[in-house]
>>> print(open('run-v5.pdb').read())   # PDB, C-alpha atoms
ATOM      1  CA  MET W   1      11.053  -9.353   4.483
ATOM      2  CA  ALA W   2      11.757 -12.367   2.278
ATOM      3  CA  LEU W   3      11.556 -11.061  -1.248
ATOM      4  CA  ARG W   4      10.658  -8.102  -3.421
ATOM      5  CA  LEU W   5       8.619  -8.216  -6.596
ATOM      6  CA  LEU W   6       8.468  -5.547  -9.255
ATOM      7  CA  ILE W   7       5.589  -6.185 -11.642
ATOM      8  CA  GLN W   8       5.613  -4.230 -14.878
ATOM      9  CA  GLN W   9       2.731  -4.366 -17.350
ATOM     10  CA  CYS W  10       4.015  -4.514 -20.910
ATOM     11  CA  ILE W  11       2.881  -4.690 -24.516
ATOM     12  CA  SER W  12       6.025  -6.572 -25.457
ATOM     13  CA  ALA W  13       9.421  -7.427 -24.001
ATOM     14  CA  ARG W  14      12.603  -8.974 -25.297
ATOM     15  CA  LEU W  15      15.433 -10.334 -23.197
ATOM     16  CA  LYS W  16      18.847 -11.162 -24.598
ATOM     17  CA  LEU W  17      20.623 -13.819 -22.529
ATOM     18  CA  PRO W  18      24.415 -14.062 -22.207
ATOM     19  CA  SER W  19      24.245 -16.979 -24.691
ATOM     20  CA  TYR W  20      22.733 -14.489 -27.172
ATOM     21  CA  GLN W  21      19.512 -16.469 -27.088
ATOM     22  CA  GLU W  22      16.569 -14.078 -27.178
ATOM     23  CA  LEU W  23      13.358 -14.530 -25.244
ATOM     24  CA  GLU W  24      10.232 -12.641 -26.194
ATOM     25  CA  ILE W  25       6.781 -12.079 -24.820
ATOM     26  CA  GLY W  26       3.845 -10.060 -26.089
ATOM     27  CA  ARG W  27       1.183  -8.379 -23.923
ATOM     28  CA  GLY W  28       1.553  -9.380 -20.302
ATOM     29  CA  VAL W  29       3.823  -8.747 -17.350
ATOM     30  CA  ILE W  30       7.512  -8.587 -16.609
ATOM     31  CA  VAL W  31       8.174  -9.887 -13.107
ATOM     32  CA  PHE W  32      11.448  -8.817 -11.512
ATOM     33  CA  ILE W  33      12.258 -10.763  -8.365
ATOM     34  CA  CYS W  34      14.880 -10.270  -5.645
ATOM     35  CA  PHE W  35      15.408 -12.647  -2.727
ATOM     36  CA  PHE W  36      16.510 -11.520   0.733
ATOM     37  CA  LYS W  37      18.269 -13.611   3.381
ATOM     38  CA  ASP W  38      14.963 -14.660   4.951
ATOM     39  CA  ALA W  39      13.528 -16.031   1.709
ATOM     40  CA  ASN W  40      12.224 -19.584   1.743
ATOM     41  CA  GLU W  41       9.841 -21.816  -0.196
ATOM     42  CA  GLU W  42       6.816 -20.507   1.680
ATOM     43  CA  ALA W  43       7.585 -16.944   0.582
ATOM     44  CA  VAL W  44       8.109 -18.171  -2.984
ATOM     45  CA  LYS W  45       4.646 -19.784  -2.917
ATOM     46  CA  LYS W  46       3.146 -16.468  -1.777
ATOM     47  CA  ALA W  47       4.963 -14.684  -4.588
ATOM     48  CA  TYR W  48       3.656 -17.217  -7.094
ATOM     49  CA  LYS W  49       0.110 -16.727  -5.786
ATOM     50  CA  LEU W  50       0.462 -12.952  -5.957
ATOM     51  CA  VAL W  51       1.766 -12.917  -9.531
ATOM     52  CA  SER W  52      -0.807 -15.394 -10.800
ATOM     53  CA  GLN W  53      -3.840 -13.854  -9.070
ATOM     54  CA  ILE W  54      -3.243 -10.122  -8.847
ATOM     55  CA  LYS W  55      -5.710  -8.152 -10.941
ATOM     56  CA  LEU W  56      -3.528  -5.660 -12.766
ATOM     57  CA  SER W  57      -3.908  -6.601 -16.418
ATOM     58  CA  GLU W  58      -6.253  -4.754 -18.730
ATOM     59  CA  LYS W  59      -9.185  -6.669 -20.095
ATOM     60  CA  GLU W  60     -10.335  -6.180 -23.648
ATOM     61  CA  GLU W  61     -13.696  -4.923 -22.442
ATOM     62  CA  GLY W  62     -14.576  -2.791 -19.457
ATOM     63  CA  ASP W  63     -12.566  -0.877 -16.937
ATOM     64  CA  LYS W  64     -11.960  -3.654 -14.446
ATOM     65  CA  ARG W  65      -8.648  -5.400 -14.444
ATOM     66  CA  GLY W  66      -8.013  -9.094 -14.404
ATOM     67  CA  SER W  67      -5.165 -11.429 -13.566
ATOM     68  CA  VAL W  68      -2.542 -12.357 -16.110
ATOM     69  CA  VAL W  69      -4.228 -15.759 -16.342
ATOM     70  CA  GLU W  70      -7.720 -14.316 -16.918
ATOM     71  CA  THR W  71      -6.409 -12.028 -19.639
ATOM     72  CA  ALA W  72      -4.240 -14.743 -21.242
ATOM     73  CA  GLY W  73      -1.208 -12.534 -20.838
ATOM     74  CA  GLU W  74       2.376 -13.692 -21.066
ATOM     75  CA  ILE W  75       4.961 -13.599 -18.288
ATOM     76  CA  MET W  76       8.653 -12.809 -18.403
ATOM     77  CA  ILE W  77      10.525 -13.498 -15.167
ATOM     78  CA  ILE W  78      13.794 -11.677 -14.545
ATOM     79  CA  PRO W  79      16.007 -12.144 -11.478
ATOM     80  CA  GLN W  80      16.924  -8.681 -10.236
ATOM     81  CA  ALA W  81      19.247  -8.644  -7.227
ATOM     82  CA  THR W  82      19.647  -4.865  -7.440
ATOM     83  CA  LEU W  83      16.102  -4.433  -6.091
ATOM     84  CA  GLY W  84      17.526  -5.417  -2.697
ATOM     85  CA  GLY W  85      19.849  -2.425  -2.600
ATOM     86  CA  LYS W  86      19.938  -0.233   0.506
ATOM     87  CA  LEU W  87      21.272   3.270   0.443
ATOM     88  CA  LYS W  88      24.431   4.023   2.450
ATOM     89  CA  GLY W  89      25.525   7.584   1.841
ATOM     90  CA  SER W  90      25.449   7.861  -1.922
ATOM     91  CA  SER W  91      26.389   4.215  -2.476
ATOM     92  CA  VAL W  92      24.180   1.157  -2.537
ATOM     93  CA  GLN W  93      24.812  -2.001  -0.529
ATOM     94  CA  TYR W  94      23.291  -5.432  -0.966
ATOM     95  CA  HIS W  95      24.073  -7.007   2.418
ATOM     96  CA  ASN W  96      20.529  -8.226   2.904
ATOM     97  CA  ASN W  97      20.424 -10.211  -0.333
ATOM     98  CA  ILE W  98      20.433 -14.003  -0.253
ATOM     99  CA  PRO W  99      23.661 -15.826  -1.260
ATOM    100  CA  PRO W 100      23.498 -16.610  -5.003
ATOM    101  CA  GLU W 101      23.454 -20.409  -4.689
ATOM    102  CA  GLN W 102      20.394 -20.301  -2.397
ATOM    103  CA  GLY W 103      18.714 -17.631  -4.503
ATOM    104  CA  ARG W 104      19.119 -19.737  -7.610
ATOM    105  CA  VAL W 105      17.217 -22.645  -6.010
ATOM    106  CA  LEU W 106      14.308 -20.401  -4.984
ATOM    107  CA  TYR W 107      14.310 -18.699  -8.365
ATOM    108  CA  ASP W 108      13.930 -22.065 -10.102
ATOM    109  CA  ILE W 109      11.045 -23.037  -7.797
ATOM    110  CA  PHE W 110       9.328 -19.725  -8.522
ATOM    111  CA  CYS W 111       9.725 -20.107 -12.298
ATOM    112  CA  ASN W 112       8.674 -23.759 -12.265
ATOM    113  CA  GLU W 113       5.490 -22.885 -10.350
ATOM    114  CA  LEU W 114       4.554 -20.154 -12.822
ATOM    115  CA  GLU W 115       5.241 -22.483 -15.741
ATOM    116  CA  THR W 116       2.460 -24.759 -14.474
ATOM    117  CA  LEU W 117      -0.158 -22.048 -15.183
ATOM    118  CA  GLU W 118      -2.386 -23.300 -17.948
ATOM    119  CA  GLY W 119      -2.601 -21.219 -21.101
ATOM    120  CA  VAL W 120       0.072 -18.766 -19.997
ATOM    121  CA  THR W 121       3.363 -18.422 -21.856
ATOM    122  CA  VAL W 122       6.241 -18.034 -19.405
ATOM    123  CA  ARG W 123       9.806 -17.021 -20.273
ATOM    124  CA  ARG W 124      12.559 -16.908 -17.682
ATOM    125  CA  GLY W 125      15.756 -14.913 -17.535
ATOM    126  CA  GLU W 126      18.998 -16.408 -16.319
ATOM    127  CA  TYR W 127      19.831 -16.201 -12.650
ATOM    128  CA  GLY W 128      22.917 -14.143 -11.797
ATOM    129  CA  ALA W 129      23.606 -13.082 -15.360
ATOM    130  CA  ARG W 130      23.721  -9.714 -16.985
ATOM    131  CA  GLN W 131      21.133  -9.539 -19.729
ATOM    132  CA  VAL W 132      19.735  -6.900 -22.047
ATOM    133  CA  LEU W 133      16.061  -6.065 -21.671
ATOM    134  CA  SER W 134      13.969  -4.089 -24.137
ATOM    135  CA  MET W 135      10.355  -3.424 -23.397
ATOM    136  CA  GLU W 136       7.399  -1.425 -24.510
ATOM    137  CA  THR W 137       4.681  -0.459 -22.071
ATOM    138  CA  ASN W 138       1.398   1.323 -22.392
ATOM    139  CA  GLY W 139       0.953   3.056 -19.092
ATOM    140  CA  PRO W 140       3.580   2.413 -17.886
ATOM    141  CA  TYR W 141       2.232   0.593 -14.847
ATOM    142  CA  SER W 142       4.770  -0.679 -12.335
ATOM    143  CA  HIS W 143       3.989  -2.118  -8.917
ATOM    144  CA  CYS W 144       6.401  -3.051  -6.166
ATOM    145  CA  PHE W 145       5.475  -5.532  -3.417
ATOM    146  CA  ASP W 146       7.431  -6.947  -0.510
ATOM    147  CA  ILE W 147       6.617 -10.371   0.898
TER     148      ILE W 147
ATOM    149  CA  MET L   1       6.683   7.249   4.038
ATOM    150  CA  ALA L   2       6.475  10.254   1.744
ATOM    151  CA  LEU L   3       7.424   8.962  -1.657
ATOM    152  CA  ARG L   4       8.760   6.007  -3.598
ATOM    153  CA  LEU L   5      11.432   6.130  -6.287
ATOM    154  CA  LEU L   6      12.144   3.470  -8.850
ATOM    155  CA  ILE L   7      15.450   4.109 -10.583
ATOM    156  CA  GLN L   8      16.111   2.173 -13.754
ATOM    157  CA  GLN L   9      19.449   2.300 -15.570
ATOM    158  CA  CYS L  10      18.950   2.465 -19.316
ATOM    159  CA  ILE L  11      20.797   2.631 -22.614
ATOM    160  CA  SER L  12      17.924   4.528 -24.178
ATOM    161  CA  ALA L  13      14.299   5.368 -23.462
ATOM    162  CA  ARG L  14      11.454   6.925 -25.407
ATOM    163  CA  LEU L  15       8.247   8.281 -23.942
ATOM    164  CA  LYS L  16       5.209   9.114 -26.033
ATOM    165  CA  LEU L  17       3.039  11.766 -24.384
ATOM    166  CA  PRO L  18      -0.740  12.013 -24.854
ATOM    167  CA  SER L  19      -0.046  14.922 -27.237
ATOM    168  CA  TYR L  20       1.952  12.422 -29.362
ATOM    169  CA  GLN L  21       5.081  14.415 -28.602
ATOM    170  CA  GLU L  22       7.979  12.036 -28.063
ATOM    171  CA  LEU L  23      10.706  12.486 -25.494
ATOM    172  CA  GLU L  24      13.960  10.596 -25.749
ATOM    173  CA  ILE L  25      17.050  10.030 -23.691
ATOM    174  CA  GLY L  26      20.194   8.015 -24.326
ATOM    175  CA  ARG L  27      22.332   6.329 -21.662
ATOM    176  CA  GLY L  28      21.196   7.316 -18.193
ATOM    177  CA  VAL L  29      18.374   6.685 -15.782
ATOM    178  CA  ILE L  30      14.614   6.523 -15.834
ATOM    179  CA  VAL L  31      13.231   7.818 -12.550
ATOM    180  CA  PHE L  32       9.696   6.733 -11.682
ATOM    181  CA  ILE L  33       8.238   8.681  -8.776
ATOM    182  CA  CYS L  34       5.106   8.188  -6.676
ATOM    183  CA  PHE L  35       3.965  10.555  -3.930
ATOM    184  CA  PHE L  36       2.164   9.417  -0.784
ATOM    185  CA  LYS L  37      -0.105  11.498   1.440
ATOM    186  CA  ASP L  38       2.793  12.545   3.685
ATOM    187  CA  ALA L  39       4.872  13.922   0.814
ATOM    188  CA  ASN L  40       6.141  17.469   1.149
ATOM    189  CA  GLU L  41       8.871  19.710  -0.226
ATOM    190  CA  GLU L  42      11.434  18.386   2.228
ATOM    191  CA  ALA L  43      10.911  14.836   0.988
ATOM    192  CA  VAL L  44      11.155  16.073  -2.607
ATOM    193  CA  LYS L  45      14.523  17.688  -1.792
ATOM    194  CA  LYS L  46      15.761  14.373  -0.388
ATOM    195  CA  ALA L  47      14.569  12.600  -3.528
ATOM    196  CA  TYR L  48      16.381  15.138  -5.687
ATOM    197  CA  LYS L  49      19.564  14.641  -3.663
ATOM    198  CA  LEU L  50      19.258  10.864  -3.921
ATOM    199  CA  VAL L  51      18.742  10.841  -7.691
ATOM    200  CA  SER L  52      21.531  13.321  -8.378
ATOM    201  CA  GLN L  53      24.129  11.771  -6.051
ATOM    202  CA  ILE L  54      23.494   8.029  -5.957
ATOM    203  CA  LYS L  55      26.344   6.075  -7.501
ATOM    204  CA  LEU L  56      24.596   3.581  -9.748
ATOM    205  CA  SER L  57      25.735   4.528 -13.229
ATOM    206  CA  GLU L  58      28.502   2.680 -15.012
ATOM    207  CA  LYS L  59      31.673   4.590 -15.720
ATOM    208  CA  GLU L  60      33.518   4.113 -18.974
ATOM    209  CA  GLU L  61      36.542   2.866 -17.097
ATOM    210  CA  GLY L  62      36.784   0.735 -14.009
ATOM    211  CA  ASP L  63      34.307  -1.194 -11.967
ATOM    212  CA  LYS L  64      33.195   1.573  -9.654
ATOM    213  CA  ARG L  65      29.955   3.305 -10.315
ATOM    214  CA  GLY L  66      29.318   7.018 -10.407
ATOM    215  CA  SER L  67      26.366   9.345 -10.174
ATOM    216  CA  VAL L  68      24.327  10.285 -13.210
ATOM    217  CA  VAL L  69      26.031  13.693 -13.068
ATOM    218  CA  GLU L  70      29.574  12.251 -12.912
ATOM    219  CA  THR L  71      28.868   9.975 -15.847
ATOM    220  CA  ALA L  72      27.084  12.682 -17.863
ATOM    221  CA  GLY L  73      24.026  10.474 -18.124
ATOM    222  CA  GLU L  74      20.562  11.636 -19.096
ATOM    223  CA  ILE L  75      17.457  11.533 -16.922
ATOM    224  CA  MET L  76      13.871  10.746 -17.813
ATOM    225  CA  ILE L  77      11.362  11.434 -15.048
ATOM    226  CA  ILE L  78       8.032   9.613 -15.130
ATOM    227  CA  PRO L  79       5.227  10.068 -12.593
ATOM    228  CA  GLN L  80       4.072   6.610 -11.603
ATOM    229  CA  ALA L  81       1.164   6.567  -9.149
ATOM    230  CA  THR L  82       0.815   2.783  -9.455
ATOM    231  CA  LEU L  83       3.993   2.352  -7.383
ATOM    232  CA  GLY L  84       1.888   3.332  -4.364
ATOM    233  CA  GLY L  85      -0.399   0.322  -4.766
ATOM    234  CA  LYS L  86      -1.136  -1.876  -1.757
ATOM    235  CA  LEU L  87      -2.421  -5.384  -2.104
ATOM    236  CA  LYS L  88      -5.927  -6.131  -0.823
ATOM    237  CA  GLY L  89      -6.865  -9.688  -1.650
ATOM    238  CA  SER L  90      -6.003  -9.951  -5.312
ATOM    239  CA  SER L  91      -6.815  -6.312  -6.046
ATOM    240  CA  VAL L  92      -4.642  -3.256  -5.629
ATOM    241  CA  GLN L  93      -5.675  -0.107  -3.785
ATOM    242  CA  TYR L  94      -4.109   3.327  -3.887
ATOM    243  CA  HIS L  95      -5.582   4.881  -0.734
ATOM    244  CA  ASN L  96      -2.225   6.115   0.494
ATOM    245  CA  ASN L  97      -1.440   8.112  -2.650
ATOM    246  CA  ILE L  98      -1.469  11.894  -2.553
ATOM    247  CA  PRO L  99      -4.416  13.720  -4.200
ATOM    248  CA  PRO L 100      -3.460  14.511  -7.830
ATOM    249  CA  GLU L 101      -3.498  18.298  -7.498
ATOM    250  CA  GLN L 102      -0.981  18.187  -4.615
ATOM    251  CA  GLY L 103       1.101  15.534  -6.327
ATOM    252  CA  ARG L 104       1.371  17.650  -9.445
ATOM    253  CA  VAL L 105       2.872  20.560  -7.475
ATOM    254  CA  LEU L 106       5.508  18.305  -5.863
ATOM    255  CA  TYR L 107       6.224  16.624  -9.187
ATOM    256  CA  ASP L 108       6.965  19.988 -10.774
ATOM    257  CA  ILE L 109       9.290  20.950  -7.917
ATOM    258  CA  PHE L 110      11.131  17.642  -8.277
ATOM    259  CA  CYS L 111      11.546  18.029 -12.052
ATOM    260  CA  ASN L 112      12.558  21.682 -11.778
ATOM    261  CA  GLU L 113      15.269  20.798  -9.250
ATOM    262  CA  LEU L 114      16.711  18.084 -11.471
ATOM    263  CA  GLU L 115      16.645  20.426 -14.464
ATOM    264  CA  THR L 116      19.105  22.692 -12.628
ATOM    265  CA  LEU L 117      21.811  19.981 -12.780
ATOM    266  CA  GLU L 118      24.577  21.243 -15.020
ATOM    267  CA  GLY L 119      25.435  19.173 -18.047
ATOM    268  CA  VAL L 120      22.592  16.719 -17.545
ATOM    269  CA  THR L 121      19.772  16.378 -20.062
ATOM    270  CA  VAL L 122      16.442  15.977 -18.272
ATOM    271  CA  ARG L 123      13.140  14.965 -19.876
ATOM    272  CA  ARG L 124       9.905  14.844 -17.930
ATOM    273  CA  GLY L 125       6.745  12.847 -18.451
ATOM    274  CA  GLU L 126       3.311  14.342 -17.947
ATOM    275  CA  TYR L 127       1.709  14.121 -14.538
ATOM    276  CA  GLY L 128      -1.473  12.076 -14.361
ATOM    277  CA  ALA L 129      -1.386  11.030 -17.996
ATOM    278  CA  ARG L 130      -1.158   7.668 -19.624
ATOM    279  CA  GLN L 131       1.954   7.493 -21.755
ATOM    280  CA  VAL L 132       3.794   4.870 -23.737
ATOM    281  CA  LEU L 133       7.307   4.017 -22.588
ATOM    282  CA  SER L 134       9.867   2.043 -24.560
ATOM    283  CA  MET L 135      13.248   1.378 -23.068
ATOM    284  CA  GLU L 136      16.369  -0.630 -23.548
ATOM    285  CA  THR L 137      18.501  -1.596 -20.588
ATOM    286  CA  ASN L 138      21.765  -3.392 -20.193
ATOM    287  CA  GLY L 139      21.521  -5.126 -16.883
ATOM    288  CA  PRO L 140      18.696  -4.524 -16.265
ATOM    289  CA  TYR L 141      19.384  -2.670 -13.039
ATOM    290  CA  SER L 142      16.382  -1.399 -11.096
ATOM    291  CA  HIS L 143      16.436   0.039  -7.594
ATOM    292  CA  CYS L 144      13.508   0.976  -5.409
ATOM    293  CA  PHE L 145      13.829   3.438  -2.524
ATOM    294  CA  ASP L 146      11.305   4.843  -0.087
ATOM    295  CA  ILE L 147      11.795   8.261   1.466
TER     296      ILE L 147
END
>>> encode(input="run-v5.pdb", output="structure tokens")
Amino acid sequence: MALRLLIQQCISARLKLPSYQELEIGRGVIVFICFFKDANEEAVKKAYKLVSQIKLSEKEEGDKRGSVVETAGEIMIIPQATLGGKLKGSSVQYHNNIPPEQGRVLYDIFCNELETLEGVTVRRGEYGARQVLSMETNGPYSHCFDI
Amino acid sequence: MALRLLIQQCISARLKLPSYQELEIGRGVIVFICFFKDANEEAVKKAYKLVSQIKLSEKEEGDKRGSVVETAGEIMIIPQATLGGKLKGSSVQYHNNIPPEQGRVLYDIFCNELETLEGVTVRRGEYGARQVLSMETNGPYSHCFDI
């Protein structure tokens, strides 16, 4: 397993960075990503493909769902190392997570790839930092995928 | 695999039910739960134990984390069938999810168990209903566990 994605549909989201800068998106998806020791650029490409193509977003008409690109949704990317936690007794350990300096490189590649999507607003959280997230969802639909 | 839990630390959360009733919690955890076909009461008991004992909540003093009970946190439980989604091409399928009528029974057992925790406020979302969630997190710490 190279990485874990948590994809949350949202109506709006706001992320406060440690610098007190605030990032906002409207309707779209929040993508939490956690890298494991085996993560590499190939896995990041798969994650990019998944996020950009997966049909989870509501269309204005009809029941079928479309990709975030098809529905002109916005994307907020948040690094989330805690998703790699494994239970040991009643504590949680993160031994399988990638070292931060390697994770940061992959995180930047992932964000840069998504920022190339035409017509899609992308906001990215700060790697390795504690940040305050507020969000509003109408569902609330969350999906978790391992790559 | 019997069920999947997504545990989200929060500062506050508000859930609007289809009846327009609103449920609120303050500092604590949002617990999203999804039942698979193999879910049974034994798995629900394990999930209850995990949620009540896992040391993920910040204490007022010190770096160590405590359980939601130790930190007198509040719990919001939300049924979240989408967590059982499997990728097929760029679509998502839910073939491994439990039938709704069985899931509802297990969901009630899970909520009832958590409501027995002394000194812990528990709010529960409605099974099988679309509901609007707003939350504020300081982290944002999410953990995903399969049982």
>>> calpha_fit_and_write(input="run-v5.pdb", fixed="chain W", moving="chain L", output="short mmCIF file (atom, residue, chain, number, x, y, z; two decimals) with C-alpha atoms, keeping the file's coordinate frame")
data_model
loop_
_atom_site.label_atom_id
_atom_site.label_comp_id
_atom_site.auth_asym_id
_atom_site.auth_seq_id
_atom_site.Cartn_x
_atom_site.Cartn_y
_atom_site.Cartn_z
CA MET L 1 11.07 -9.37 4.49
CA ALA L 2 11.76 -12.37 2.28
CA LEU L 3 11.55 -11.07 -1.24
CA ARG L 4 10.65 -8.11 -3.41
CA LEU L 5 8.61 -8.22 -6.61
CA LEU L 6 8.45 -5.55 -9.25
CA ILE L 7 5.58 -6.19 -11.65
CA GLN L 8 5.60 -4.24 -14.88
CA GLN L 9 2.72 -4.37 -17.36
CA CYS L 10 4.00 -4.52 -20.92
CA ILE L 11 2.89 -4.68 -24.53
CA SER L 12 6.03 -6.57 -25.46
CA ALA L 13 9.42 -7.41 -24.00
CA ARG L 14 12.61 -8.97 -25.30
CA LEU L 15 15.44 -10.33 -23.20
CA LYS L 16 18.85 -11.15 -24.61
CA LEU L 17 20.63 -13.81 -22.54
CA PRO L 18 24.42 -14.06 -22.21
CA SER L 19 24.24 -16.96 -24.69
CA TYR L 20 22.74 -14.45 -27.18
CA GLN L 21 19.52 -16.45 -27.10
CA GLU L 22 16.57 -14.07 -27.18
CA LEU L 23 13.36 -14.53 -25.25
CA GLU L 24 10.24 -12.63 -26.18
CA ILE L 25 6.78 -12.07 -24.81
CA GLY L 26 3.84 -10.06 -26.09
CA ARG L 27 1.19 -8.38 -23.93
CA GLY L 28 1.57 -9.37 -20.30
CA VAL L 29 3.82 -8.75 -17.35
CA ILE L 30 7.51 -8.59 -16.61
CA VAL L 31 8.17 -9.89 -13.11
CA PHE L 32 11.44 -8.81 -11.52
CA ILE L 33 12.25 -10.77 -8.37
CA CYS L 34 14.87 -10.28 -5.66
CA PHE L 35 15.41 -12.65 -2.74
CA PHE L 36 16.51 -11.52 0.72
CA LYS L 37 18.26 -13.61 3.36
CA ASP L 38 14.95 -14.66 4.95
CA ALA L 39 13.53 -16.03 1.70
CA ASN L 40 12.22 -19.58 1.75
CA GLU L 41 9.84 -21.82 -0.18
CA GLU L 42 6.82 -20.50 1.69
CA ALA L 43 7.59 -16.95 0.59
CA VAL L 44 8.11 -18.17 -2.98
CA LYS L 45 4.64 -19.79 -2.89
CA LYS L 46 3.14 -16.48 -1.77
CA ALA L 47 4.96 -14.70 -4.59
CA TYR L 48 3.65 -17.23 -7.09
CA LYS L 49 0.11 -16.74 -5.78
CA LEU L 50 0.46 -12.96 -5.95
CA VAL L 51 1.76 -12.93 -9.53
CA SER L 52 -0.82 -15.41 -10.80
CA GLN L 53 -3.85 -13.86 -9.06
CA ILE L 54 -3.25 -10.12 -8.83
CA LYS L 55 -5.72 -8.16 -10.93
CA LEU L 56 -3.53 -5.66 -12.76
CA SER L 57 -3.91 -6.60 -16.40
CA GLU L 58 -6.24 -4.75 -18.72
CA LYS L 59 -9.19 -6.65 -20.09
CA GLU L 60 -10.31 -6.17 -23.66
CA GLU L 61 -13.66 -4.92 -22.45
CA GLY L 62 -14.55 -2.80 -19.48
CA ASP L 63 -12.56 -0.88 -16.96
CA LYS L 64 -11.96 -3.65 -14.47
CA ARG L 65 -8.65 -5.38 -14.44
CA GLY L 66 -8.01 -9.10 -14.40
CA SER L 67 -5.17 -11.42 -13.56
CA VAL L 68 -2.54 -12.36 -16.10
CA VAL L 69 -4.23 -15.76 -16.33
CA GLU L 70 -7.73 -14.32 -16.92
CA THR L 71 -6.42 -12.04 -19.63
CA ALA L 72 -4.25 -14.74 -21.24
CA GLY L 73 -1.21 -12.53 -20.84
CA GLU L 74 2.38 -13.69 -21.07
CA ILE L 75 4.96 -13.60 -18.29
CA MET L 76 8.65 -12.81 -18.40
CA ILE L 77 10.52 -13.50 -15.17
CA ILE L 78 13.79 -11.68 -14.54
CA PRO L 79 16.00 -12.14 -11.47
CA GLN L 80 16.92 -8.69 -10.25
CA ALA L 81 19.25 -8.65 -7.24
CA THR L 82 19.65 -4.87 -7.46
CA LEU L 83 16.11 -4.44 -6.10
CA GLY L 84 17.53 -5.43 -2.71
CA GLY L 85 19.85 -2.42 -2.61
CA LYS L 86 19.93 -0.23 0.49
CA LEU L 87 21.26 3.28 0.43
CA LYS L 88 24.42 4.02 2.43
CA GLY L 89 25.51 7.58 1.82
CA SER L 90 25.44 7.85 -1.94
CA SER L 91 26.39 4.22 -2.49
CA VAL L 92 24.18 1.16 -2.55
CA GLN L 93 24.80 -1.99 -0.54
CA TYR L 94 23.29 -5.43 -0.98
CA HIS L 95 24.07 -6.99 2.41
CA ASN L 96 20.53 -8.23 2.90
CA ASN L 97 20.42 -10.22 -0.34
CA ILE L 98 20.43 -14.00 -0.25
CA PRO L 99 23.66 -15.82 -1.25
CA PRO L 100 23.49 -16.60 -5.00
CA GLU L 101 23.46 -20.39 -4.68
CA GLN L 102 20.39 -20.29 -2.39
CA GLY L 103 18.72 -17.63 -4.49
CA ARG L 104 19.11 -19.73 -7.60
CA VAL L 105 17.23 -22.65 -6.00
CA LEU L 106 14.31 -20.40 -4.98
CA TYR L 107 14.31 -18.71 -8.37
CA ASP L 108 13.92 -22.07 -10.09
CA ILE L 109 11.05 -23.04 -7.79
CA PHE L 110 9.32 -19.73 -8.52
CA CYS L 111 9.71 -20.11 -12.30
CA ASN L 112 8.67 -23.76 -12.25
CA GLU L 113 5.49 -22.88 -10.35
CA LEU L 114 4.54 -20.16 -12.82
CA GLU L 115 5.24 -22.49 -15.74
CA THR L 116 2.45 -24.77 -14.46
CA LEU L 117 -0.17 -22.05 -15.18
CA GLU L 118 -2.40 -23.31 -17.95
CA GLY L 119 -2.60 -21.23 -21.09
CA VAL L 120 0.07 -18.78 -19.99
CA THR L 121 3.36 -18.43 -21.86
CA VAL L 122 6.24 -18.04 -19.40
CA ARG L 123 9.80 -17.02 -20.27
CA ARG L 124 12.56 -16.90 -17.69
CA GLY L 125 15.75 -14.91 -17.53
CA GLU L 126 19.00 -16.40 -16.32
CA TYR L 127 19.85 -16.19 -12.64
CA GLY L 128 22.93 -14.15 -11.80
CA ALA L 129 23.61 -13.09 -15.36
CA ARG L 130 23.72 -9.73 -17.00
CA GLN L 131 21.13 -9.54 -19.73
CA VAL L 132 19.75 -6.92 -22.05
CA LEU L 133 16.07 -6.07 -21.67
CA SER L 134 13.98 -4.09 -24.13
CA MET L 135 10.36 -3.42 -23.38
CA GLU L 136 7.41 -1.41 -24.50
CA THR L 137 4.71 -0.46 -22.05
CA ASN L 138 1.43 1.34 -22.35
CA GLY L 139 0.97 3.06 -19.06
CA PRO L 140 3.60 2.46 -17.86
CA TYR L 141 2.25 0.60 -14.86
CA SER L 142 4.78 -0.68 -12.33
CA HIS L 143 3.99 -2.13 -8.92
CA CYS L 144 6.39 -3.07 -6.17
CA PHE L 145 5.47 -5.54 -3.42
CA ASP L 146 7.42 -6.95 -0.51
CA ILE L 147 6.62 -10.37 0.89
#
>>> resolve_selection(input="run-v5.pdb", expression="the PyMOL selection byres ((chain W and resi 91) around 10)", output="PyMOL selection string")
(chain W and resi 85-90+92-93) or (chain L and resi 50+53-56+65-67)
>>> resolve_selection(input="run-v5.pdb", expression="the ChimeraX specification (/W :<7) & /L", output="PyMOL selection string")
chain L and resi 53-55+82-83+85+90-91+130-144
>>> atom_distance(input="run-v5.pdb", atom1="atom CA of W:Asn97", atom2="atom CA of W:Lys37")
5.5 Å
>>> atom_distance(input="run-v5.pdb", atom1="atom CA of L:Gly73", atom2="atom CA of L:Val29")
7.2 Å
>>> residues_near_point(input="run-v5.pdb", point="(5.7, -19.0, 1.2)", cutoff="12 Å", atoms="all atoms listed in the file", output="VMD selection string")
chain W and resid 1 to 3 38 to 50 106 109 to 110 147
>>> resolve_selection(input="run-v5.pdb", expression="the PyMOL selection byres ((chain W and resi 121) around 10)", output="PyMOL selection string")
chain W and resi 24-26+28+69+72-76+114-120+122-123
>>> atom_distance(input="run-v5.pdb", atom1="atom CA of W:Gln8", atom2="atom CA of L:Lys64")
28.7 Å
>>> axis_aligned_box(input="run-v5.pdb", around="stretch 32-47 of chain W", padding_each_side="3 Å", output="JSON")
{"center_x": 10.7, "center_y": -15.3, "center_z": -3.3, "size_x": 21.1, "size_y": 19.0, "size_z": 22.5}
